[in-house]
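This report refers to the structure that appears directly beneath it.
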Amino acid sequence: MAAKRHSRRRHARERYLRIVGLSAVAAALGMLGLLVVSLTFLGHSAFVQTMVDVPINLSEELIDRGEPAKGNYRKIVTEGFLNLLPEIQARGERREAGKILSPGARWIIKAAVVANPNLIGTTHTFTLPLADPFDQLHKGVIPRDVPQDQRRVSDNQIAWFDHIAASGRISSPFNWGLFFNADSRFPELAGLAGAIAGSFYALLVCFVISFPVGIAAAVYLEEFAPRSRWTDLIEVNINNLAAVPSVVFGLLGLALLLNFLGMPRSAPLVGGITLALMTLPTIIITTRASLTAVPPSIREAAYGIGASRHQVVLHHVLPLALPGILTGAIIGLARALGETAPLLLIGMNAFITSASGGITDPATALPTQIFIWADSPERGFLARTSAAILVLLGFLVTMNGLAVYLRRRFEWQW
Amino acid sequence: MAMAQVAVEMPEVEPEETFKMLGRGVNVHYGDKQALFDVSLAIRANQVTSLIGPSGCGKSTFIRCLNRMNDVIEICRVAGDITLDGRDIYSPKIDAVELRARVGMVFQKANPFPKSIFDNVAYGPRIHGLASNKTDLEAIVVQSLSQAGLFEEVKDRLHAPGTSLSGGQQQRLCIARAIAVTPEVILMDEPCSALDPIATARIEELIDELRKDYTIVIVTHSMQQAARVSQYTAFFHLGVLVEEGETEFMFTTPRDQRTQDYITGRFG
Ligand SMILES: Nc1ncnc2c1ncn2[C@@H]1O[C@H](COP(=O)(O)OP(=O)(O)OP(=O)(O)O)[C@@H](O)[C@H]1O
Ligand SMILES: [Mg+2]
């Protein structure tokens, strides 16, 4: 009887524990889902861009064949675009109508002509981005049914826009520019190429420094260093280092790398070194954990047939620990990818309109780009901020997925 | 005192040269805890010596002194002297790594490397430079596997992982791996404790064959096994070597009451 009551109590307790665990997991997943859903809701419109097809007459009078880069593209574009609205004659109205097209349209045409001078003298139809307010109007973000003075587009502009739209010239293709353009003042032109390149170079530097140094330090501490007060002290300090707020590493980078060593501001090199300092403790700690996880029987086996200590480590322990080490390194790098504060301090939040070509060129990184966009007043940046966060999340999920894959693939089954 | 004990227990007709290894006054501490008290034991060449005794009495500790495996444990301190062919193995002139190539070891749980069968056996010869070329190496591997009685079973899958073998086969693989570096002494710490009776019988046969070429020390929990495979037996109790001698006499006419109690199953 007592045994039965006892077992009933035990079952009840187990059920209770399971419910608590499941609700915790559900809550965590729910919050993650909420984040992704809200980001998608806010950001999805940035993945398409409203474009207009405009026939442009690239007359020889306005572009010198010898120097195609020097043409008066502003005039070429404006005329081409206003030809779509022939009834507009007054200067003021022409000016007003011209604002429908993105100011960046002229650079797009210039780039096309410079790349292919044979276009000069022909009339060519270009698909050009609309200015941000009209992009938003088309996407329904800017409402039409409010009084004119409460929105950024005038009634006239709306009428003209509708006129062009009625001719079937407006389209909304996938916004490749989001990935292949660098940053820009104009939301419709702004993209993440510079930030992705900057993050890539910074992570490359971070990996090249922190991976070998971290592994070497961990192997020494775990396998070779004699237990002493010194190694205990080092161990405590490494654990403390892992808990230091990242902004402190940013200050260190600013003071040491920029001000003292005179390295270039905003460069992925400096960002990478700073991130490496931050990632190093993580790599050391996970590497040591992976090394201790190698079963002692393998070490004994190797010692037992006369392997020396370094042979035991290099031939047996390290290869077996490698999947765990790689997993730790990738997770460390993923953390570094999302890190913002230290990069802000060393100036990787500059406004840079060309993708950086190397580790010493000024650049932004994905998180700092998000920071910049989130701070911009234009409506278009609102959606782009969320879209950029989604892109960053995409990279993070990919990296963590890779870590899981590596662990599954190479983990040794004992 | 230790010397006296050896002198008393060895009949005078037995010359010291027949001792492959000899421990005299061995004391071992793990940190503050003493695990072996003044143990003196001779290991005779080309004989099987078994170490028996209740759990925790220091059998593993002693056998691990014989190839300095205890060096790897940081808190372990070994005092007293142990010789191999009359030379002190704890002297600074002896390199523990080279010693372990001469005194090989097989562990309780089969622990093949997570590599192929071939690489498991070839690893030792490779790091000790015993083979000058690939053919030599292959010959060593084949010979070691044959000596361990495993070759026939694995000759078609030398490149399969060592861990894909059965428990008994894995243990024989570990024996082959130990043999491959041509040791003089093979230490086995409960090599059959994880095996079924058939696999155990195979290993026991193997031990008997290996005795021709090697000196063998085996730790076992099974008195039947000690009786079957060994010529000499040493009984440990609470870190003390209680009694040692020819296996036959140990099991029929033990001199110490504790030995008597142990072999009749009264404790341990
Ligand atoms: N690595 C270690 N650290 C601390 N104490 C140890 C260590 N290894 C063994 N000991 C202690 O030394 C004593 C002897 O242990 P040992 O392993 O030699 O016993 P054993 O005779 O092999 O026992 P078993 O038959 O169970 O294997 C035990 O009391 C044990 O607690
Ligand atoms: Mg033991």
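By convention here, the chains of the structure tokens are called A, B, ... in the order presented, each chain's residues are numbered starting at 1, and ligands are numbered starting at 1 in the order presented.
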
Margin query: Please find the residues of chain B near chain A - the criterion being any atom within 7 Å, counting only C-alpha atoms - and write them as a PyMOL selection string.
Written below: chain B and resi 97-98+100-101+104-105+111+113+124+178

Check: Which chains and residue numbers are within 12 Å of ligand 2, counting only C-alpha atoms and all ligand atoms, if I want them as a ChimeraX atom specification?
Finding: /B:35,51-64,107-109,188-191,193,218-221,236

Next item on the list: Considering only C-alpha atoms, return as a ChimeraX atom specification whatever protein or nucleic-acid residues lie within 12 Å of Thr353 of chain A, sequence-local ones (same chain, fewer than 2 positions apart) excluded.
Entry: /A:180-186,189-195,349-351,355-356,361-364,369

Check: If you run DSSP on the backbone, which residues of segment 93-246 of chain B are helix (DSSP H, G or I), as a PyMOL selection string?
Finding: chain B and resi 96-102+117-127+134-147+151-154+162-164+167-179+197-210+223-229

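The nearest approach to ligand 1 among the residues B:Ile263, B:Leu241, B:Leu195, B:Leu206, with only C-alpha atoms and all ligand atoms taken into account, belongs to B:Leu241.
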
Margin query: As an exercise, work out the distance from atom CA of Ile158 of chain A to atom CA of Phe134 of chain A in Å and give it to one decimal place.
Written below: 8.4 Å

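When only C-alpha atoms are used to compute distances to Gly168 of chain B, the closest of the residues B:Pro183, B:Pro112, B:Gly265, B:Gly239 turns out to be B:Pro112.
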
Note to self: Set the distance at 9 Å and use only C-alpha atoms: which residues neighbour Gly23 of chain B once local chain neighbours fewer than 2 positions away are removed? I'd like the list as a count of residues only.
What the structure shows: 13

Notebook entry, point to check: Which residues, written as a ChimeraX atom specification, have at least one atom at most 12 Å from Ala131 of chain B, with only C-alpha atoms counted and residues fewer than 4 positions away on the same chain left out?
Noted result: /B:122-127,135-141,180-182

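Residue nearest ligand 1 within the list B:Arg77, B:Lys212, B:Lys93, B:Arg44: B:Arg77 [criterion: smallest interatomic distance, only C-alpha atoms and all ligand atoms].
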
Identify, with DSSP run on backbone atoms, the residues in segment 5-220 of chain B assigned to strand (DSSP E or B), and express the list as a short mmCIF file (atom, residue, chain, number, x, y, z; two decimals) with C-alpha atoms, in the first residue's frame.
data_model
loop_
_atom_site.label_atom_id
_atom_site.label_comp_id
_atom_site.auth_asym_id
_atom_site.auth_seq_id
_atom_site.Cartn_x
_atom_site.Cartn_y
_atom_site.Cartn_z
CA PHE B 19 64.56 -12.88 -12.64
CA LYS B 20 63.48 -10.76 -15.57
CA MET B 21 62.25 -8.07 -13.25
CA LEU B 22 62.69 -7.58 -9.56
CA GLY B 23 60.93 -5.17 -7.24
CA ARG B 24 62.50 -4.43 -3.87
CA GLY B 25 60.82 -2.44 -1.10
CA VAL B 26 58.33 -0.78 -3.39
CA ASN B 27 56.18 1.85 -1.68
CA VAL B 28 53.58 3.79 -3.63
CA HIS B 29 51.57 6.81 -2.54
CA TYR B 30 48.66 8.48 -4.26
CA LYS B 33 47.28 7.76 0.66
CA GLN B 34 49.69 4.84 0.64
CA ALA B 35 48.64 2.12 -1.81
CA LEU B 36 51.62 -0.27 -1.60
CA PHE B 37 53.69 -1.11 1.47
CA ASP B 38 57.20 -2.39 1.00
CA VAL B 39 56.44 -4.86 -1.76
CA SER B 40 59.23 -7.11 -3.01
CA LEU B 41 58.46 -9.42 -5.86
CA ALA B 42 60.44 -11.26 -8.51
CA ILE B 43 59.17 -11.74 -12.05
CA ARG B 44 60.78 -14.78 -13.64
CA VAL B 48 53.59 -16.22 -16.33
CA THR B 49 53.28 -14.51 -12.97
CA SER B 50 49.76 -13.76 -11.79
CA LEU B 51 48.84 -11.15 -9.24
CA ILE B 52 45.71 -11.91 -7.25
CA CYS B 76 51.46 9.17 -7.74
CA ARG B 77 54.87 8.72 -6.08
CA VAL B 78 56.87 5.51 -6.34
CA ALA B 79 59.74 4.67 -3.98
CA GLY B 80 61.95 1.59 -3.73
CA ASP B 81 63.72 0.03 -6.66
CA ILE B 82 62.58 -2.04 -9.56
CA THR B 83 65.00 -3.58 -12.00
CA LEU B 84 64.71 -4.95 -15.49
CA ARG B 87 69.09 -2.34 -14.22
CA ASP B 88 67.06 0.11 -12.18
CA VAL B 103 57.66 -3.62 -21.11
CA GLY B 104 54.36 -3.55 -22.96
CA MET B 105 50.92 -3.36 -21.45
CA VAL B 106 47.43 -4.70 -22.15
CA SER B 116 42.16 0.74 -38.79
CA PRO B 161 38.32 0.18 -37.92
CA VAL B 185 57.76 -8.27 -20.81
CA ILE B 186 54.00 -8.01 -21.33
CA LEU B 187 51.87 -6.70 -18.48
CA MET B 188 48.18 -7.57 -18.56
CA ASP B 189 45.78 -5.93 -16.14
CA THR B 215 57.75 -12.76 -19.81
CA ILE B 216 54.19 -12.18 -18.73
CA VAL B 217 52.63 -10.58 -15.67
CA ILE B 218 48.87 -10.84 -15.39
CA VAL B 219 46.44 -9.38 -12.88
#

Next item on the list: Give me the residues within 12 Å of segment 67-69 of chain A as a PyMOL selection string, counting only C-alpha atoms and dropping any in the same chain fewer than 6 places off.
Entry: chain A and resi 58-61+106-121

Could you write out the selected residues, including C-alpha atoms, as a tab-separated table (two decimals), in the first residue's frame?
chain	number	residue	atom	x	y	z
A	58	LEU	CA	22.13	57.99	-74.78
A	59	SER	CA	22.77	60.77	-77.28
A	60	GLU	CA	26.28	61.54	-78.40
A	61	GLU	CA	25.72	65.17	-77.65
A	106	ARG	CA	22.25	58.27	-63.14
A	107	TRP	CA	25.11	56.26	-61.58
A	108	ILE	CA	23.53	53.04	-62.76
A	109	ILE	CA	23.37	54.33	-66.32
A	110	LYS	CA	26.84	55.77	-66.11
A	111	ALA	CA	28.20	52.42	-64.95
A	112	ALA	CA	26.40	50.64	-67.80
A	113	VAL	CA	27.76	53.04	-70.40
A	114	VAL	CA	31.30	52.94	-69.06
A	115	ALA	CA	31.14	49.16	-69.12
A	116	ASN	CA	29.76	49.13	-72.67
A	117	PRO	CA	30.55	52.34	-74.63
A	118	ASN	CA	28.80	50.89	-77.69
A	119	LEU	CA	25.53	51.98	-76.09
A	120	ILE	CA	26.39	55.60	-76.85
A	121	GLY	CA	24.19	56.94	-79.59
